[in-house]
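start-v4.txt (compact mmCIF, C-alpha atoms) appears below.
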```txt
# COMPACT_ATOMS: atom_id res chain seq x y z
CA MET A 1 -89.04 91.40 -15.58
CA VAL A 2 -91.55 88.77 -16.69
CA ALA A 3 -91.44 85.03 -15.96
CA ARG A 4 -92.95 82.74 -18.58
CA THR A 5 -93.83 79.33 -17.14
CA TRP A 6 -94.60 76.00 -18.78
CA TYR A 7 -95.22 72.45 -17.59
CA ALA A 8 -94.72 69.05 -19.25
CA ARG A 9 -94.11 65.39 -18.49
CA THR A 10 -91.70 62.91 -20.07
CA ARG A 11 -90.74 59.28 -19.56
CA LEU A 12 -87.88 58.59 -17.17
CA GLN A 13 -85.72 57.23 -20.01
CA ASN A 14 -86.26 60.44 -22.08
CA VAL A 15 -85.39 63.11 -19.53
CA GLY A 16 -81.69 63.11 -20.47
CA LEU A 17 -82.56 63.51 -24.15
CA TYR A 18 -84.98 66.31 -23.32
CA ARG A 19 -82.39 68.13 -21.19
CA LYS A 20 -79.71 67.76 -23.89
CA HIS A 21 -82.08 69.06 -26.58
CA TYR A 22 -83.13 71.96 -24.38
CA VAL A 23 -79.52 73.00 -23.67
CA GLU A 24 -78.14 72.45 -27.16
CA LYS A 25 -81.08 73.55 -29.33
CA ASN A 26 -83.59 75.63 -27.36
CA LEU A 27 -81.29 77.81 -25.28
CA PRO A 28 -79.26 79.09 -28.26
CA LYS A 29 -82.51 80.09 -29.99
CA LEU A 30 -83.78 81.81 -26.85
CA ARG A 31 -80.50 83.66 -26.33
CA ALA A 32 -80.82 85.08 -29.83
CA VAL A 33 -84.11 86.82 -28.97
CA PRO A 34 -83.65 90.43 -27.76
CA GLY A 35 -85.00 90.79 -24.25
CA PHE A 36 -84.38 87.19 -23.17
CA ILE A 37 -82.70 87.17 -19.74
CA GLY A 38 -82.35 83.53 -18.77
CA ALA A 39 -84.06 80.22 -18.08
CA GLN A 40 -84.47 77.50 -15.51
CA LEU A 41 -85.31 73.90 -16.35
CA CYS A 42 -86.65 72.09 -13.28
CA THR A 43 -87.39 68.37 -13.08
CA ARG A 44 -89.07 66.11 -10.54
CA SER A 45 -88.70 62.35 -10.93
CA GLU A 46 -91.53 60.00 -10.13
CA GLU A 47 -91.67 56.22 -10.53
CA GLU A 48 -91.95 56.05 -14.32
CA SER A 49 -92.06 59.66 -15.44
CA VAL A 50 -90.49 63.05 -14.87
CA GLU A 51 -92.30 66.33 -14.43
CA ILE A 52 -90.71 69.24 -16.26
CA PHE A 53 -91.20 72.83 -15.23
CA VAL A 54 -89.60 75.54 -17.38
CA VAL A 55 -89.30 79.20 -16.44
CA THR A 56 -87.88 81.71 -18.87
CA PHE A 57 -87.20 85.29 -17.88
CA TRP A 58 -87.78 88.27 -20.15
CA LYS A 59 -87.26 92.02 -19.93
CA SER A 60 -90.83 92.75 -21.02
CA MET A 61 -94.01 91.41 -22.56
CA ALA A 62 -92.87 93.03 -25.82
CA ALA A 63 -89.80 90.76 -25.77
CA ILE A 64 -92.06 87.74 -25.25
CA ASP A 65 -94.22 88.89 -28.15
CA ALA A 66 -91.13 88.90 -30.38
CA PHE A 67 -90.53 85.26 -29.40
CA ALA A 68 -94.08 83.87 -29.25
CA SER A 69 -96.06 86.04 -31.65
CA PRO A 70 -98.83 86.02 -32.71
CA ASP A 71 -100.19 84.27 -29.57
CA ARG A 72 -98.05 85.01 -26.53
CA GLU A 73 -99.94 82.46 -24.40
CA ALA A 74 -99.28 79.56 -26.79
CA ALA A 75 -96.55 77.14 -25.77
CA VAL A 76 -93.65 77.05 -28.20
CA VAL A 77 -92.78 73.35 -28.52
CA PRO A 78 -90.44 72.51 -31.39
CA PRO A 79 -91.79 69.63 -33.52
CA ASP A 80 -88.68 67.54 -32.90
CA MET A 81 -89.09 67.90 -29.12
CA ALA A 82 -92.79 66.97 -28.86
CA PRO A 83 -92.18 63.20 -29.32
CA LEU A 84 -90.03 63.21 -26.17
CA LEU A 85 -93.00 64.38 -24.10
CA VAL A 86 -95.83 62.29 -22.71
CA SER A 87 -97.92 65.43 -22.20
CA TYR A 88 -97.49 69.17 -22.03
CA ASP A 89 -99.48 72.31 -21.44
CA PRO A 90 -100.44 73.92 -24.73
CA ARG A 91 -100.67 77.28 -22.95
CA VAL A 92 -98.09 79.13 -20.84
CA ARG A 93 -98.53 81.54 -17.97
CA HIS A 94 -96.81 84.87 -17.42
CA PHE A 95 -95.95 86.44 -14.08
CA GLU A 96 -94.46 89.80 -13.21
CA VAL A 97 -91.37 89.08 -11.11
CA ALA A 98 -91.99 90.87 -7.82
CA VAL A 99 -88.80 89.81 -6.00
CA ASP A 100 -85.61 88.58 -7.64
CA THR A 101 -82.96 87.23 -5.26
CA PHE A 102 -80.80 85.84 -8.08
CA ALA A 103 -79.97 89.29 -9.46
CA ALA A 104 -78.95 90.51 -6.01
CA ALA A 105 -76.84 87.39 -5.35
CA ASN A 106 -75.00 87.71 -8.65
CA SER A 107 -74.16 91.41 -8.48
```
Please express what this file holds, its structure, as structure tokens.
Amino acid sequence: MVARTWYARTRLQNVGLYRKHYVEKNLPKLRAVPGFIGAQLCTRSEEESVEIFVVTFWKSMAAIDAFASPDREAAVVPPDMAPLLVSYDPRVRHFEVAVDTFAAANS
């Protein structure tokens, strides 16, 4: 399993809109890609902004290539979502999942 990680920042007043868009628009598109396993959207509030950390899980790098081709390291940020962000990483990082306690807990 491969974890694909991405980081962004939004304004405090936009985090709800971002979360709603992610759940209603992004997740259905991700679920339609063969090899997509799941996702986690993590947030950390600060005084005037919110950090966003997204981890998606994939069966293989080939599955990620089907989603992010031709450049698997490029962040996929839908044009209608970008205005909600103050900043975001244009590149993602991939990690081989070495230990997965969620799979064991849910079986």
Expected answer as a VMD selection string: all residues with atoms within 12 Å of (-91.2, 59.0, -21.4), only C-alpha atoms:
chain A and resid 8 to 18 45 to 52 81 to 88
For those residues, write C-alpha atoms to a file as an mmCIF file, in the coordinates of the input.
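Listed below is the output, part_36.cif:
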```cif
data_model
loop_
_atom_site.group_PDB
_atom_site.id
_atom_site.type_symbol
_atom_site.label_atom_id
_atom_site.label_comp_id
_atom_site.auth_asym_id
_atom_site.auth_seq_id
_atom_site.Cartn_x
_atom_site.Cartn_y
_atom_site.Cartn_z
ATOM 1 C CA ALA A 8 -94.720 69.050 -19.250
ATOM 2 C CA ARG A 9 -94.110 65.390 -18.490
ATOM 3 C CA THR A 10 -91.700 62.910 -20.070
ATOM 4 C CA ARG A 11 -90.740 59.280 -19.560
ATOM 5 C CA LEU A 12 -87.880 58.590 -17.170
ATOM 6 C CA GLN A 13 -85.720 57.230 -20.010
ATOM 7 C CA ASN A 14 -86.260 60.440 -22.080
ATOM 8 C CA VAL A 15 -85.390 63.110 -19.530
ATOM 9 C CA GLY A 16 -81.690 63.110 -20.470
ATOM 10 C CA LEU A 17 -82.560 63.510 -24.150
ATOM 11 C CA TYR A 18 -84.980 66.310 -23.320
ATOM 12 C CA SER A 45 -88.700 62.350 -10.930
ATOM 13 C CA GLU A 46 -91.530 60.000 -10.130
ATOM 14 C CA GLU A 47 -91.670 56.220 -10.530
ATOM 15 C CA GLU A 48 -91.950 56.050 -14.320
ATOM 16 C CA SER A 49 -92.060 59.660 -15.440
ATOM 17 C CA VAL A 50 -90.490 63.050 -14.870
ATOM 18 C CA GLU A 51 -92.300 66.330 -14.430
ATOM 19 C CA ILE A 52 -90.710 69.240 -16.260
ATOM 20 C CA MET A 81 -89.090 67.900 -29.120
ATOM 21 C CA ALA A 82 -92.790 66.970 -28.860
ATOM 22 C CA PRO A 83 -92.180 63.200 -29.320
ATOM 23 C CA LEU A 84 -90.030 63.210 -26.170
ATOM 24 C CA LEU A 85 -93.000 64.380 -24.100
ATOM 25 C CA VAL A 86 -95.830 62.290 -22.710
ATOM 26 C CA SER A 87 -97.920 65.430 -22.200
ATOM 27 C CA TYR A 88 -97.490 69.170 -22.030
#
```
From A:Ala32, A:Gln40, A:Phe53, A:Ala98, residue lying nearest Tyr7 in chain A [all atoms listed in the file]
A:Phe53
Between CA of Val55 in chain A and CA of Val99 in chain A, what distance in Å does the model show, to one decimal?
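CA of Val99 in chain A lies at a distance of 14.9 Å from CA of Val55 in chain A.
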Using only C-alpha atoms, which protein or nucleic acid residues come within 12 Å of Arg93 in chain A? Drop anything in the same chain fewer than 6 positions from it, and give the result as a PyMOL selection string.
chain A and resi 2-7+53-57+61+64+72-75
Could the residues in this selection be written to a file with C-alpha atoms, as a PDB file, keeping the file's coordinate frame?
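Ended up saving to out28.pdb:
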```
ATOM      1  CA  VAL A   2     -91.550  88.770 -16.690  1.00  0.00           C
ATOM      2  CA  ALA A   3     -91.440  85.030 -15.960  1.00  0.00           C
ATOM      3  CA  ARG A   4     -92.950  82.740 -18.580  1.00  0.00           C
ATOM      4  CA  THR A   5     -93.830  79.330 -17.140  1.00  0.00           C
ATOM      5  CA  TRP A   6     -94.600  76.000 -18.780  1.00  0.00           C
ATOM      6  CA  TYR A   7     -95.220  72.450 -17.590  1.00  0.00           C
ATOM      7  CA  PHE A  53     -91.200  72.830 -15.230  1.00  0.00           C
ATOM      8  CA  VAL A  54     -89.600  75.540 -17.380  1.00  0.00           C
ATOM      9  CA  VAL A  55     -89.300  79.200 -16.440  1.00  0.00           C
ATOM     10  CA  THR A  56     -87.880  81.710 -18.870  1.00  0.00           C
ATOM     11  CA  PHE A  57     -87.200  85.290 -17.880  1.00  0.00           C
ATOM     12  CA  MET A  61     -94.010  91.410 -22.560  1.00  0.00           C
ATOM     13  CA  ILE A  64     -92.060  87.740 -25.250  1.00  0.00           C
ATOM     14  CA  ARG A  72     -98.050  85.010 -26.530  1.00  0.00           C
ATOM     15  CA  GLU A  73     -99.940  82.460 -24.400  1.00  0.00           C
ATOM     16  CA  ALA A  74     -99.280  79.560 -26.790  1.00  0.00           C
ATOM     17  CA  ALA A  75     -96.550  77.140 -25.770  1.00  0.00           C
TER      18      ALA A  75
END
```
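The spacing separating CA of Phe36 in chain A from CA of Asp65 in chain A amounts to 11.2 Å.
Restricting the calculation to all atoms listed in the file, the smallest distance between Ala63 in chain A and any of A:Val23, A:Pro28, A:Val33, A:Val97 is found for A:Val33.
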CA of Lys29 in chain A and CA of Thr101 in chain A are how many Å apart?
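The value is 25.7 Å.
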Among the residues A:His21, A:Val76, A:Lys59, A:Ser69, the one that comes closest to Pro34 in chain A [using only C-alpha atoms]:
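Closest to Pro34 in chain A, using only C-alpha atoms: A:Lys59.
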